[in-house]
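Source file: protein-v2.cif (mmCIF, C-alpha atoms and all ligand atoms)
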data_upload
loop_
_atom_site.label_atom_id
_atom_site.label_comp_id
_atom_site.auth_asym_id
_atom_site.auth_seq_id
_atom_site.Cartn_x
_atom_site.Cartn_y
_atom_site.Cartn_z
CA MET A 1 -45.85 -125.49 -145.78
CA LYS A 2 -46.89 -123.79 -142.52
CA ILE A 3 -50.48 -124.94 -142.39
CA SER A 4 -52.93 -123.00 -140.22
CA LYS A 5 -54.42 -124.66 -137.16
CA ARG A 6 -57.89 -124.29 -138.65
CA ASP A 7 -56.90 -126.12 -141.84
CA ALA A 8 -54.93 -128.67 -139.84
CA LEU A 9 -58.02 -129.56 -137.82
CA ALA A 10 -60.16 -129.91 -140.93
CA TRP A 11 -57.62 -132.17 -142.65
CA PHE A 12 -57.08 -134.34 -139.56
CA GLN A 13 -60.84 -134.74 -139.17
CA PHE A 14 -60.87 -135.98 -142.76
CA PHE A 15 -57.83 -138.29 -142.30
CA SER A 16 -59.42 -139.72 -139.13
CA SER A 17 -62.57 -140.59 -141.01
CA LEU A 18 -60.80 -142.63 -143.70
CA PRO A 19 -61.22 -146.41 -143.62
CA GLU A 20 -58.51 -148.23 -141.65
CA GLU A 21 -56.93 -149.80 -144.73
CA GLU A 22 -56.80 -146.59 -146.80
CA GLU A 23 -53.30 -145.11 -147.07
CA LEU A 24 -52.78 -141.35 -147.55
CA MET A 25 -51.62 -140.25 -150.99
CA SER A 26 -48.28 -138.41 -151.14
CA GLY A 27 -49.86 -134.93 -151.28
CA GLN A 28 -52.02 -135.83 -148.27
CA GLN A 29 -48.96 -137.16 -146.46
CA GLU A 30 -47.29 -133.81 -147.06
CA ILE A 31 -50.21 -132.07 -145.38
CA ALA A 32 -50.18 -134.54 -142.46
CA LEU A 33 -46.45 -134.06 -141.93
CA SER A 34 -46.84 -130.29 -142.02
CA VAL A 35 -49.44 -130.56 -139.25
CA PHE A 36 -47.12 -132.69 -137.11
CA ALA A 37 -44.30 -130.23 -137.75
CA GLN A 38 -46.48 -127.26 -136.76
CA ILE A 39 -47.43 -128.94 -133.47
CA GLU A 40 -43.84 -130.02 -132.77
CA THR A 41 -42.44 -126.56 -133.54
CA ALA A 42 -44.75 -125.00 -130.96
CA VAL A 43 -43.93 -127.69 -128.40
CA SER A 44 -40.17 -127.37 -129.02
CA ALA A 45 -40.31 -123.59 -128.58
CA ARG A 46 -41.92 -124.10 -125.18
CA HIS A 47 -39.23 -126.66 -124.26
CA GLU A 48 -36.47 -124.23 -125.26
CA GLN A 49 -38.05 -121.53 -123.15
CA MET A 50 -38.33 -123.87 -120.15
CA LEU A 51 -34.74 -125.13 -120.57
CA GLY A 52 -33.59 -121.50 -120.61
CA GLU A 53 -35.24 -120.96 -117.22
CA ILE A 54 -33.38 -123.82 -115.47
CA PRO A 55 -30.47 -122.46 -113.42
CA GLY A 56 -27.22 -124.41 -113.85
CA LEU A 57 -28.53 -126.59 -116.68
CA LYS A 58 -25.87 -129.07 -117.89
CA SER A 59 -25.60 -131.36 -120.89
CA LEU A 60 -23.88 -134.71 -121.34
CA ALA A 61 -21.86 -134.20 -124.52
CA GLY A 62 -24.88 -132.47 -126.07
CA ARG A 63 -26.87 -135.72 -125.85
CA THR A 64 -29.06 -135.06 -122.84
CA TYR A 65 -29.73 -132.45 -120.16
CA TYR A 66 -29.55 -132.63 -116.37
CA VAL A 67 -29.11 -130.60 -113.22
CA GLY A 68 -27.06 -131.57 -110.18
CA ASP A 69 -23.70 -132.99 -109.20
CA ASP A 70 -21.90 -134.63 -112.17
CA ALA A 71 -20.70 -137.45 -109.90
CA LEU A 72 -24.32 -138.56 -109.46
CA PHE A 73 -25.03 -139.02 -113.17
CA PRO A 74 -26.14 -142.66 -113.55
CA GLN A 75 -23.46 -144.89 -115.03
CA GLY A 76 -26.12 -146.93 -116.82
CA CYS A 77 -27.21 -143.82 -118.75
CA LYS A 78 -23.58 -142.98 -119.56
CA SER A 79 -23.15 -146.45 -121.00
CA CYS A 80 -26.30 -146.04 -123.04
CA LEU A 81 -25.55 -142.53 -124.34
CA LEU A 82 -21.75 -142.59 -124.65
CA GLY A 83 -20.68 -146.23 -124.35
CA THR A 84 -21.58 -149.26 -126.43
CA GLY A 85 -25.26 -148.42 -126.16
CA LEU A 86 -28.33 -149.99 -124.67
CA SER A 87 -27.63 -153.69 -124.18
CA ALA A 88 -30.88 -155.24 -123.09
CA VAL A 89 -31.31 -158.47 -121.17
CA ARG A 90 -34.78 -160.01 -120.97
CA LYS A 91 -36.04 -162.62 -118.59
CA THR A 92 -39.31 -162.02 -116.74
CA ASN A 93 -42.49 -161.71 -118.82
CA ARG A 94 -44.90 -160.87 -116.00
CA CYS A 95 -45.71 -157.96 -113.73
CA ASN A 96 -47.66 -157.41 -110.51
CA ALA A 97 -48.89 -153.95 -111.52
CA ALA A 98 -50.94 -152.58 -114.43
CA CYS A 99 -49.78 -149.01 -114.95
CA ARG A 100 -51.88 -147.00 -117.37
CA PHE A 101 -48.64 -145.64 -118.89
CA CYS A 102 -47.15 -149.13 -119.41
CA TYR A 103 -46.08 -149.96 -122.98
CA ASP A 104 -47.62 -153.38 -122.41
CA TYR A 105 -50.89 -152.13 -120.89
CA GLY A 106 -53.70 -154.55 -121.67
CA ALA A 107 -51.19 -157.16 -122.82
CA LEU A 108 -49.36 -157.72 -119.54
CA ASN A 109 -50.60 -161.28 -119.24
CA SER A 110 -49.63 -162.26 -122.76
CA GLN A 111 -46.01 -161.21 -123.11
CA PRO A 112 -43.93 -163.88 -124.86
CA PRO A 113 -42.00 -166.04 -122.40
CA VAL A 114 -38.23 -166.10 -122.75
CA GLY A 115 -38.22 -169.81 -121.91
CA GLU A 116 -37.38 -171.99 -118.96
CA GLY A 117 -33.82 -171.44 -117.78
CA MET A 118 -33.13 -169.06 -120.66
CA TRP A 119 -32.17 -165.41 -121.05
CA GLU A 120 -32.61 -163.17 -124.06
CA ILE A 121 -29.54 -161.03 -124.68
CA GLY A 122 -29.32 -158.91 -127.79
CA GLY A 123 -32.26 -160.84 -129.21
CA THR A 124 -30.56 -164.25 -128.83
CA LYS A 125 -31.50 -166.97 -126.33
CA PHE A 126 -28.82 -168.15 -123.87
CA TYR A 127 -28.62 -170.55 -120.96
CA GLU A 128 -26.80 -169.10 -117.97
CA ALA A 129 -23.88 -171.43 -118.72
CA ASP A 130 -23.58 -169.94 -122.24
CA ILE A 131 -22.64 -166.53 -120.87
CA ASP A 132 -18.98 -167.61 -120.49
CA LEU A 133 -19.00 -168.56 -124.17
CA LEU A 134 -20.58 -165.25 -125.13
CA LEU A 135 -18.03 -163.27 -123.14
CA SER A 136 -15.16 -165.27 -124.63
CA ILE A 137 -16.24 -164.51 -128.20
CA GLN A 138 -17.86 -161.07 -128.31
CA LYS A 139 -16.53 -157.74 -127.13
CA LYS A 140 -18.12 -157.00 -123.79
CA PRO A 141 -20.48 -154.03 -123.59
CA THR A 142 -19.86 -151.07 -121.26
CA GLY A 143 -23.15 -151.85 -119.56
CA ILE A 144 -26.23 -154.02 -119.64
CA SER A 145 -29.73 -153.48 -118.34
CA TYR A 146 -32.54 -155.80 -117.31
CA VAL A 147 -35.55 -154.41 -119.12
CA TYR A 148 -38.45 -156.84 -119.37
CA LEU A 149 -41.46 -156.28 -117.07
CA GLU A 150 -40.92 -156.83 -113.31
CA PRO A 151 -37.76 -158.77 -112.34
CA PHE A 152 -38.73 -159.07 -108.68
CA MET A 153 -41.48 -161.53 -109.70
CA GLU A 154 -38.65 -164.11 -109.71
CA ILE A 155 -35.62 -162.19 -108.55
CA GLU A 156 -33.83 -165.28 -107.20
CA LYS A 157 -33.28 -166.40 -110.81
CA TYR A 158 -31.18 -163.32 -111.52
CA TYR A 159 -28.39 -163.66 -108.99
CA GLY A 160 -26.25 -166.14 -110.96
CA VAL A 161 -26.33 -164.21 -114.23
CA ILE A 162 -25.66 -160.93 -112.49
CA ARG A 163 -22.69 -162.51 -110.73
CA LYS A 164 -21.23 -163.65 -114.07
CA PHE A 165 -21.52 -160.21 -115.66
CA HIS A 166 -20.19 -158.60 -112.49
CA GLU A 167 -17.11 -160.81 -112.60
CA ALA A 168 -16.64 -159.73 -116.22
CA GLY A 169 -16.55 -156.11 -115.03
CA ILE A 170 -19.72 -155.03 -116.83
CA HIS A 171 -21.87 -152.32 -115.28
CA GLN A 172 -25.42 -153.57 -114.70
CA HIS A 173 -28.62 -151.75 -113.96
CA MET A 174 -32.16 -152.95 -113.37
CA TYR A 175 -35.65 -151.44 -113.30
CA THR A 176 -38.30 -152.36 -110.74
CA ASN A 177 -41.61 -151.09 -109.46
CA GLY A 178 -40.29 -151.94 -106.00
CA ILE A 179 -43.44 -153.73 -104.82
CA ASN A 180 -41.83 -157.13 -104.18
CA ALA A 181 -38.50 -155.82 -102.92
CA THR A 182 -37.44 -156.87 -99.43
CA ARG A 183 -34.30 -156.30 -97.40
CA GLU A 184 -33.28 -159.91 -98.10
CA ASN A 185 -33.65 -159.86 -101.87
CA LEU A 186 -32.17 -156.37 -102.20
CA LYS A 187 -29.12 -157.47 -100.24
CA ALA A 188 -28.77 -160.66 -102.28
CA LEU A 189 -28.99 -158.67 -105.52
CA ALA A 190 -26.37 -156.20 -104.36
CA ASP A 191 -24.15 -159.08 -103.19
CA ALA A 192 -24.44 -160.63 -106.66
CA GLY A 193 -22.99 -157.42 -108.09
CA LEU A 194 -25.87 -155.35 -109.51
CA ASN A 195 -24.55 -151.79 -109.64
CA GLU A 196 -27.63 -149.67 -110.08
CA LEU A 197 -31.30 -150.12 -109.20
CA ARG A 198 -33.96 -147.81 -110.62
CA PHE A 199 -37.42 -147.56 -109.09
CA ASN A 200 -40.43 -146.84 -111.24
CA LEU A 201 -42.05 -144.82 -108.48
CA GLY A 202 -44.97 -143.78 -110.68
CA ALA A 203 -46.10 -147.43 -110.81
CA THR A 204 -47.35 -147.18 -107.21
CA ASN A 205 -47.99 -143.44 -107.17
CA CYS A 206 -45.10 -142.99 -104.72
CA ALA A 207 -46.29 -145.65 -102.25
CA ASP A 208 -44.73 -145.36 -98.78
CA ALA A 209 -43.72 -149.04 -98.84
CA VAL A 210 -41.77 -148.51 -102.07
CA ILE A 211 -40.08 -145.37 -100.75
CA ARG A 212 -39.07 -147.48 -97.74
CA ASN A 213 -37.63 -150.07 -100.15
CA MET A 214 -35.64 -147.33 -101.88
CA GLU A 215 -34.19 -146.38 -98.49
CA ILE A 216 -33.20 -150.01 -97.86
CA ALA A 217 -31.76 -150.38 -101.37
CA ALA A 218 -29.65 -147.28 -100.85
CA GLU A 219 -27.92 -149.12 -97.98
CA TYR A 220 -26.68 -151.85 -100.30
CA PHE A 221 -26.26 -150.62 -103.89
CA PRO A 222 -23.65 -148.18 -105.21
CA ALA A 223 -26.43 -146.29 -107.00
CA VAL A 224 -30.18 -146.15 -106.47
CA GLY A 225 -32.48 -143.82 -108.34
CA ILE A 226 -35.93 -143.20 -109.71
CA GLU A 227 -36.84 -143.70 -113.34
CA THR A 228 -40.46 -143.13 -114.07
CA PRO A 229 -42.64 -141.59 -116.77
CA MET A 230 -43.61 -138.00 -116.10
CA THR A 231 -47.36 -137.76 -115.57
CA PRO A 232 -49.51 -135.26 -113.65
CA GLU A 233 -50.39 -138.02 -111.13
CA PHE A 234 -46.72 -138.67 -110.42
CA PHE A 235 -45.98 -134.95 -110.14
CA ASP A 236 -48.71 -134.47 -107.52
CA ALA A 237 -47.78 -137.55 -105.49
CA PHE A 238 -44.08 -136.66 -105.64
CA GLN A 239 -44.68 -133.14 -104.34
CA LEU A 240 -46.61 -134.50 -101.34
CA LYS A 241 -43.74 -136.84 -100.39
CA LYS A 242 -40.83 -134.86 -101.78
CA ASP A 243 -38.86 -134.46 -98.56
CA ARG A 244 -38.94 -138.14 -97.70
CA ILE A 245 -38.07 -139.18 -101.26
CA LEU A 246 -35.17 -136.72 -101.49
CA SER A 247 -33.74 -137.92 -98.18
CA SER A 248 -34.13 -141.64 -99.02
CA GLY A 249 -30.51 -141.97 -100.13
CA ILE A 250 -31.24 -142.07 -103.86
CA ARG A 251 -28.76 -140.40 -106.18
CA PHE A 252 -30.77 -139.50 -109.26
CA MET A 253 -34.17 -139.20 -110.89
CA ASN A 254 -34.56 -139.94 -114.59
CA CYS A 255 -37.62 -138.04 -115.76
CA ALA A 256 -38.80 -140.23 -118.62
CA GLU A 257 -40.88 -138.59 -121.32
CA LEU A 258 -43.88 -140.85 -121.71
CA HIS A 259 -44.39 -142.13 -125.22
CA LEU A 260 -47.35 -144.01 -126.50
CA ASN A 261 -48.02 -147.12 -128.53
CA ASP A 262 -51.07 -149.14 -129.49
CA ASN A 263 -51.32 -150.55 -125.96
CA ASN A 264 -51.39 -147.40 -123.87
CA ILE A 265 -52.59 -144.64 -126.22
CA ASP A 266 -56.25 -145.06 -125.26
CA ASN A 267 -55.36 -144.22 -121.68
CA TYR A 268 -54.27 -140.79 -122.93
CA ALA A 269 -57.03 -140.16 -125.48
CA GLY A 270 -58.20 -136.58 -125.03
CA GLU A 271 -54.76 -135.29 -123.99
CA ASN A 272 -52.77 -132.93 -126.17
CA LEU A 273 -50.24 -135.07 -128.06
CA TYR A 274 -47.29 -134.29 -130.32
CA MET A 275 -45.01 -136.38 -132.52
CA CYS A 276 -41.27 -135.96 -132.07
CA ARG A 277 -39.13 -136.15 -135.25
CA GLN A 278 -41.77 -138.33 -136.93
CA GLY A 279 -41.04 -140.91 -134.24
CA TYR A 280 -42.38 -141.10 -130.70
CA ILE A 281 -45.86 -139.78 -129.95
CA SER A 282 -46.11 -138.26 -126.47
CA PRO A 283 -48.51 -136.28 -124.32
CA ILE A 284 -47.25 -132.70 -124.30
CA PHE A 285 -47.53 -132.58 -120.52
CA SER A 286 -44.81 -135.19 -120.02
CA ARG A 287 -41.62 -133.31 -120.88
CA ASN A 288 -43.09 -130.10 -119.48
CA ILE A 289 -43.32 -131.87 -116.10
CA ALA A 290 -39.70 -133.08 -116.43
CA LEU A 291 -38.46 -129.57 -117.11
CA THR A 292 -40.57 -128.16 -114.28
CA LEU A 293 -39.01 -130.66 -111.87
CA MET A 294 -35.50 -129.85 -113.12
CA LYS A 295 -36.07 -126.17 -112.50
CA GLN A 296 -37.45 -126.90 -109.03
CA ALA A 297 -34.48 -129.17 -108.28
CA ALA A 298 -32.00 -126.47 -109.27
CA GLN A 299 -33.79 -123.70 -107.40
CA GLU A 300 -34.26 -125.74 -104.22
CA ARG A 301 -30.81 -127.37 -104.49
CA TRP A 302 -32.02 -130.96 -104.22
CA PRO A 303 -29.34 -133.45 -103.16
CA ILE A 304 -30.04 -135.64 -106.23
CA LEU A 305 -29.29 -135.29 -109.93
CA VAL A 306 -32.38 -134.80 -112.12
CA HIS A 307 -32.13 -135.97 -115.71
CA ASP A 308 -34.27 -135.06 -118.73
CA CYS A 309 -34.81 -138.50 -120.28
CA SER A 310 -36.73 -137.01 -123.19
CA ASN A 311 -37.56 -138.17 -126.70
CA ARG A 312 -34.56 -136.16 -127.85
CA THR A 313 -32.39 -138.16 -125.43
CA LYS A 314 -33.80 -141.42 -126.83
CA PHE A 315 -33.02 -140.12 -130.33
CA ALA A 316 -29.39 -139.51 -129.26
CA ARG A 317 -29.30 -142.93 -127.56
CA ASP A 318 -30.44 -144.72 -130.69
CA LEU A 319 -27.93 -142.85 -132.87
CA ASN A 320 -25.18 -143.82 -130.42
CA LEU A 321 -26.24 -147.46 -130.43
CA LYS A 322 -26.19 -147.70 -134.22
CA ALA A 323 -22.84 -145.88 -134.42
CA LYS A 324 -21.32 -148.33 -131.96
CA GLU A 325 -22.79 -151.23 -133.91
CA GLY A 326 -21.01 -149.94 -137.02
CA GLY A 327 -24.17 -148.68 -138.72
CA TRP A 328 -24.04 -146.34 -141.69
CA PHE A 329 -23.94 -142.56 -141.26
CA GLY A 330 -27.31 -141.39 -139.93
CA ALA A 331 -28.55 -144.89 -139.06
CA SER A 332 -30.80 -145.11 -136.00
CA THR A 333 -33.40 -147.40 -134.53
CA TYR A 334 -35.49 -144.37 -133.52
CA GLY A 335 -38.86 -144.36 -135.21
CA CYS A 336 -42.60 -144.39 -134.92
CA GLU A 337 -44.26 -147.10 -132.83
CA PHE A 338 -47.44 -147.09 -134.91
CA ALA A 339 -47.94 -149.01 -138.14
CA LYS A 340 -50.62 -146.48 -139.09
CA LEU A 341 -50.58 -142.93 -137.73
CA PRO A 342 -53.43 -142.35 -135.24
CA TYR A 343 -54.71 -139.03 -136.62
CA ALA A 344 -57.85 -138.97 -134.45
CA TYR A 345 -55.75 -138.75 -131.28
CA PHE A 346 -54.36 -135.39 -132.45
CA LEU A 347 -57.79 -133.75 -132.70
CA PRO A 348 -57.75 -132.57 -129.05
CA VAL A 349 -54.57 -130.52 -129.48
CA LEU A 350 -55.90 -129.05 -132.72
CA GLN A 351 -59.19 -128.17 -131.00
CA ASP A 352 -57.50 -126.64 -127.95
CA ASP A 353 -57.83 -122.83 -128.09
CA SER A 354 -54.96 -122.44 -125.63
CA PHE A 355 -52.52 -124.20 -128.00
CA SER A 356 -51.32 -122.06 -130.92
CA PHE A 357 -49.09 -122.63 -133.93
CA LEU A 358 -46.18 -120.19 -134.01
CA GLU A 359 -46.54 -119.17 -137.64
CA GLU A 360 -49.23 -119.86 -140.24
CA GLU A 361 -49.21 -119.37 -144.01
CA PRO A 362 -51.89 -119.76 -146.65
CA MET A 363 -51.74 -123.21 -148.26
CA PRO A 364 -49.98 -123.46 -151.62
CA ALA A 365 -52.12 -123.79 -154.75
CA GLY A 366 -53.70 -127.22 -154.98
CA PHE A 367 -53.51 -127.92 -151.21
CA GLY A 368 -56.58 -125.96 -150.12
CA LEU A 369 -59.48 -127.49 -148.25
CA GLY A 370 -61.65 -127.55 -151.35
CA ASP A 371 -58.93 -129.12 -153.51
CA ILE A 372 -58.60 -132.76 -154.35
CA VAL A 373 -55.14 -133.53 -152.96
CA LEU A 374 -53.58 -136.76 -154.12
S1 LIG A 401 -44.49 -151.74 -113.22
FE1 LIG A 401 -43.48 -151.52 -115.23
S2 LIG A 401 -43.90 -153.44 -116.35
FE2 LIG A 401 -45.30 -153.34 -114.58
S3 LIG A 401 -47.18 -152.46 -115.40
FE3 LIG A 401 -45.98 -150.76 -114.54
S4 LIG A 401 -44.75 -150.00 -116.27
FE4 LIG A 401 -45.55 -152.01 -116.89
#
Please express the file's structure as C-alpha cells.
Ligand code: SF4
Amino acid sequence: MKISKRDALAWFQFFSSLPEEEELMSGQQEIALSVFAQIETAVSARHEQMLGEIPGLKSLAGRTYYVGDDALFPQGCKSCLLGTGLSAVRKTNRCNAACRFCYDYGALNSQPPVGEGMWEIGGTKFYEADIDLLLSIQKKPTGISYVYLEPFMEIEKYYGVIRKFHEAGIHQHMYTNGINATRENLKALADAGLNELRFNLGATNCADAVIRNMEIAAEYFPAVGIETPMTPEFFDAFQLKKDRILSSGIRFMNCAELHLNDNNIDNYAGENLYMCRQGYISPIFSRNIALTLMKQAAQERWPILVHDCSNRTKFARDLNLKAKEGGWFGASTYGCEFAKLPYAYFLPVLQDDSFSFLEEEPMPAGFGLGDIVL
C-alpha cells in the first residue's frame, strides 16, 4: 500500500485525535505503517544519495559507515559492532547539564540511583570487590562502556573499578560532557587505565573550556573523540570552531543520529520526523547533518575519522549483541521507544510541501478516506 501524502495526512490527523487509551484496529494499523514506510522510503533515498556523494566512503563489515584512516576507528565501537556487544556499566545518576536532546530531559533529577558503593553491570548490582568474582566466573567482554549520565560528577569513584577492568585486559570507554574535567582528574582516569574518552560536545555547544579539556585529555588517553547527537545547533557551532576542534588531538567524531523518546520529543515538536524500521523515531535533519559532515571531512581531508552512528548502525549493534548473547536467528533489542505511537508529531512532515513521497498509489478498496476501516 503506497498511500498518498494527502491521504496520509488525513489519516494521521484522525489517529492523532483518538482518545489516548484507544488502540488502532488492524486495518488502521496497516494504514499507519504504510505512512511510516512512505516517509522512511523518501528519507532513505535521500540518505543513499548523500552516501553516494561522500568520497572514499568506507564500511565496517557492512555494519556502519565512516570516512578517514582505519587506524583511528574507535575500539569501543568495534567492540560494540563486532565484539561481544555493548556492555554497559552504570554508576552516576546525575548530570550538571540539561541538554534538550537528552533522553532523560525533564527527568534528570529523578534517575534511579544505583546505590551507595554499588555498580550496575549488565543489569546486576555489584560492589567493587565483586568484580573479581564476576571476572572469575563469566567470560570477559571485549569492551565495556560507562553510560549513565555524567561520570565526572563523582569521577574519583571510578578509578578503582576502571583499574580492575584494565588489569583484566578489557577495553573501556566513557562518555562525558567535559564540563567538570580537569587536568588532574583526566590524568588520574588515564592512569587508572581508561582507554577511550568521548566528549559530548553538543552538550555545551562546543564551549571553549570543553575543547580545551579535549586537548588536555588527548595528552593522556590512547583515544579521545567526540560523540554527540547531530543537531543544527551543533553543526553551526562546530563550523565556527572547526579548526581548533580538528587540531585538538582527537582521533574521531561519532555523529550520533538523534532519536526521541517521551522525555525529549517535545523539544523537537514541529520538526520533520521519521521512524526507522518501526523502531527509533528521529528528526530527519539529524542523519542528514552526519552525512554532510562526512562529505566535508572527506573533501577537506580532516585528520580525524568521522563515523555515521545512525539508526541503521544501532540496528546492526543490537543484532550483534543478541547474536553474541546466543539469541535466536533475527533476535534484536532494537525497537520503538514509545508505548503508544505519537502520530501527532508526524503531522509537520506530512504538511511540509517540500517533503514528497517517492511513489503514490490509490488506496485499495475498503481503505479509502470515506471507508470505515477496522
Ligand atoms: S550531558 Fe549527557 S546526560 Fe547530561 S543532560 Fe546532556 S545528554 Fe543528558
Nearest to A:His47, chosen from A:Leu374, A:Ala290, A:Leu347, A:Ala129, with only C-alpha atoms counted in the distances: A:Ala290
Using only C-alpha atoms, determine which residues lie at most 9 Å from stretch 314-316 of chain A, disregarding the query and same-chain residues fewer than 6 positions distant; provide the list as a PDB file with C-alpha atoms, keeping the file's coordinate frame.
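Output saved as result-v2.pdb:
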ATOM      1  CA  GLY A  62     -24.880-132.470-126.070  1.00  0.00           C
ATOM      2  CA  ARG A  63     -26.870-135.720-125.850  1.00  0.00           C
ATOM      3  CA  THR A  64     -29.060-135.060-122.840  1.00  0.00           C
ATOM      4  CA  LEU A  81     -25.550-142.530-124.340  1.00  0.00           C
ATOM      5  CA  ARG A 277     -39.130-136.150-135.250  1.00  0.00           C
ATOM      6  CA  GLY A 279     -41.040-140.910-134.240  1.00  0.00           C
ATOM      7  CA  SER A 332     -30.800-145.110-136.000  1.00  0.00           C
ATOM      8  CA  THR A 333     -33.400-147.400-134.530  1.00  0.00           C
ATOM      9  CA  TYR A 334     -35.490-144.370-133.520  1.00  0.00           C
ATOM     10  CA  GLY A 335     -38.860-144.360-135.210  1.00  0.00           C
TER      11      GLY A 335
END
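In this structure, atom CA of A:Val43 sits 20.9 Å away from atom CA of A:Lys58.
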Sorted by chain and rising residue number, list the residues of stretch 113-224 of chain A at most 12 Å from stretch 247-255 of chain A (counting all atoms listed in the file), each with its closest atom pair and distance in Å to one decimal, as a Markdown table.
| residue | atom | partner | partner_atom | distance |
| --- | --- | --- | --- | --- |
| A:Tyr175 | CA | A:Asn254 | CA | 11.6 |
| A:Glu196 | CA | A:Arg251 | CA | 10.1 |
| A:Leu197 | CA | A:Ile250 | CA | 9.7 |
| A:Arg198 | CA | A:Met253 | CA | 8.6 |
| A:Phe199 | CA | A:Met253 | CA | 9.1 |
| A:Asn200 | CA | A:Asn254 | CA | 9.7 |
| A:Leu201 | CA | A:Met253 | CA | 10.0 |
| A:Gly202 | CA | A:Cys255 | CA | 10.6 |
| A:Asp208 | CA | A:Ser248 | CA | 11.2 |
| A:Val210 | CA | A:Ser248 | CA | 10.7 |
| A:Ile211 | CA | A:Ser248 | CA | 7.2 |
| A:Arg212 | CA | A:Ser248 | CA | 7.8 |
| A:Asn213 | CA | A:Ser248 | CA | 9.2 |
| A:Met214 | CA | A:Ser248 | CA | 6.5 |
| A:Glu215 | CA | A:Ser248 | CA | 4.8 |
| A:Ile216 | CA | A:Ser248 | CA | 8.5 |
| A:Ala217 | CA | A:Gly249 | CA | 8.6 |
| A:Ala218 | CA | A:Gly249 | CA | 5.4 |
| A:Glu219 | CA | A:Gly249 | CA | 7.9 |
| A:Tyr220 | CA | A:Gly249 | CA | 10.6 |
| A:Phe221 | CA | A:Ile250 | CA | 9.9 |
| A:Pro222 | CA | A:Arg251 | CA | 9.4 |
| A:Ala223 | CA | A:Arg251 | CA | 6.4 |
| A:Val224 | CA | A:Ile250 | CA | 5.0 |
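Put simply, atom CA of A:Ile162 is 20.3 Å away from atom CA of A:Cys95.
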At most 8 Å from ligand LIG 401 (chain A) (all atoms listed in the file): residue list as a list of chain:residue names: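 Residues satisfying the distance criterion: A:Arg94, A:Cys95, A:Asn96, A:Ala97, A:Ala98, A:Cys99, A:Arg100, A:Phe101, A:Cys102, A:Tyr103, A:Asp104, A:Tyr105, A:Leu108, A:Tyr148, A:Leu149, A:Glu150, A:Thr176, A:Asn177, A:Asn200, A:Ala203.
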Spatial neighbours of stretch 297-299 of chain A, max dist 9 Å, only C-alpha atoms, sep filter under 5 positions, as a list in words: Ile54, Pro55, Gly56, Leu57, Val67, Gly68, Thr292, Ile304, Leu305 and Val306 of chain A
Counting all atoms listed in the file, the option among A:Leu321, A:Ala365, A:Leu260, A:Ile170 closest to A:Cys336: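 Smallest distance to A:Cys336 is found for A:Leu260.
Taking all atoms listed in the file, the non-local environment of stretch 37-41 of chain A within 7 Å (same-chain residues fewer than 4 positions away omitted) comprises A:Lys2, A:Leu33, A:Ala45, A:Tyr274, A:Met275, A:Cys276, A:Phe357.
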For those residues, write C-alpha atoms to a file as a short mmCIF file (atom, residue, chain, number, x, y, z; two decimals), in the coordinates of the input.
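Contents of selection00.cif, freshly written:
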data_model
loop_
_atom_site.label_atom_id
_atom_site.label_comp_id
_atom_site.auth_asym_id
_atom_site.auth_seq_id
_atom_site.Cartn_x
_atom_site.Cartn_y
_atom_site.Cartn_z
CA LYS A 2 -46.89 -123.79 -142.52
CA LEU A 33 -46.45 -134.06 -141.93
CA ALA A 45 -40.31 -123.59 -128.58
CA TYR A 274 -47.29 -134.29 -130.32
CA MET A 275 -45.01 -136.38 -132.52
CA CYS A 276 -41.27 -135.96 -132.07
CA PHE A 357 -49.09 -122.63 -133.93
#
Minimum-distance residue to A:Leu86, chosen among A:Tyr158, A:Phe346, A:Tyr146, A:Tyr65 (using all atoms listed in the file):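 With all atoms listed in the file as the atom set, the closest residue is A:Tyr146.
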Using all atoms listed in the file: which of A:Val89, A:Ala344, A:Leu350, A:Leu82 has the shortest distance to A:Asn272: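 Using all atoms listed in the file, the shortest distance to A:Asn272 belongs to A:Leu350.
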Straight-line distance linking atom CA of A:Lys295 with atom CA of A:Cys77, stated in Å to one decimal: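 Answer for the atom CA of A:Lys295 to atom CA of A:Cys77 separation: 20.7 Å.
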Which of A:Glu22, A:Glu48, A:Glu116, A:Asp132 sits closest to A:Lys157 [using only C-alpha atoms]: A:Glu116
Residues within 9 Å of (-50.5, -143.2, -127.6), file coordinates, counting all atoms listed in the file: what are they? Give the list as an mmCIF file with C-alpha atoms, in the coordinates of the input.
data_model
loop_
_atom_site.group_PDB
_atom_site.id
_atom_site.type_symbol
_atom_site.label_atom_id
_atom_site.label_comp_id
_atom_site.auth_asym_id
_atom_site.auth_seq_id
_atom_site.Cartn_x
_atom_site.Cartn_y
_atom_site.Cartn_z
ATOM 1 C CA HIS A 259 -44.390 -142.130 -125.220
ATOM 2 C CA LEU A 260 -47.350 -144.010 -126.500
ATOM 3 C CA ASN A 261 -48.020 -147.120 -128.530
ATOM 4 C CA ASP A 262 -51.070 -149.140 -129.490
ATOM 5 C CA ASN A 263 -51.320 -150.550 -125.960
ATOM 6 C CA ASN A 264 -51.390 -147.400 -123.870
ATOM 7 C CA ILE A 265 -52.590 -144.640 -126.220
ATOM 8 C CA ASP A 266 -56.250 -145.060 -125.260
ATOM 9 C CA ASN A 267 -55.360 -144.220 -121.680
ATOM 10 C CA TYR A 268 -54.270 -140.790 -122.930
ATOM 11 C CA ALA A 269 -57.030 -140.160 -125.480
ATOM 12 C CA LEU A 273 -50.240 -135.070 -128.060
ATOM 13 C CA TYR A 280 -42.380 -141.100 -130.700
ATOM 14 C CA ILE A 281 -45.860 -139.780 -129.950
ATOM 15 C CA SER A 282 -46.110 -138.260 -126.470
ATOM 16 C CA PRO A 283 -48.510 -136.280 -124.320
ATOM 17 C CA PHE A 338 -47.440 -147.090 -134.910
ATOM 18 C CA PRO A 342 -53.430 -142.350 -135.240
ATOM 19 C CA TYR A 345 -55.750 -138.750 -131.280
#
Residue with smallest distance to A:Ser44 - pool A:Lys322, A:Lys5, A:Lys242, A:Arg312, counting only C-alpha atoms: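 Under the stated criterion, the closest residue is A:Arg312.
Residues surrounding stretch 323-325 of chain A within 12 Å are Ser79, Cys80, Leu81, Leu82, Gly83, Thr84, Gly85, Leu86, Ser87, Gly122, Lys139, Pro141, Thr142, Ala316, Arg317, Asp318, Leu319, Asn320, Trp328, Phe329, Gly330, Ala331, Ser332 and Thr333 of chain A [all atoms listed in the file; sequence separation below 3 positions excluded].
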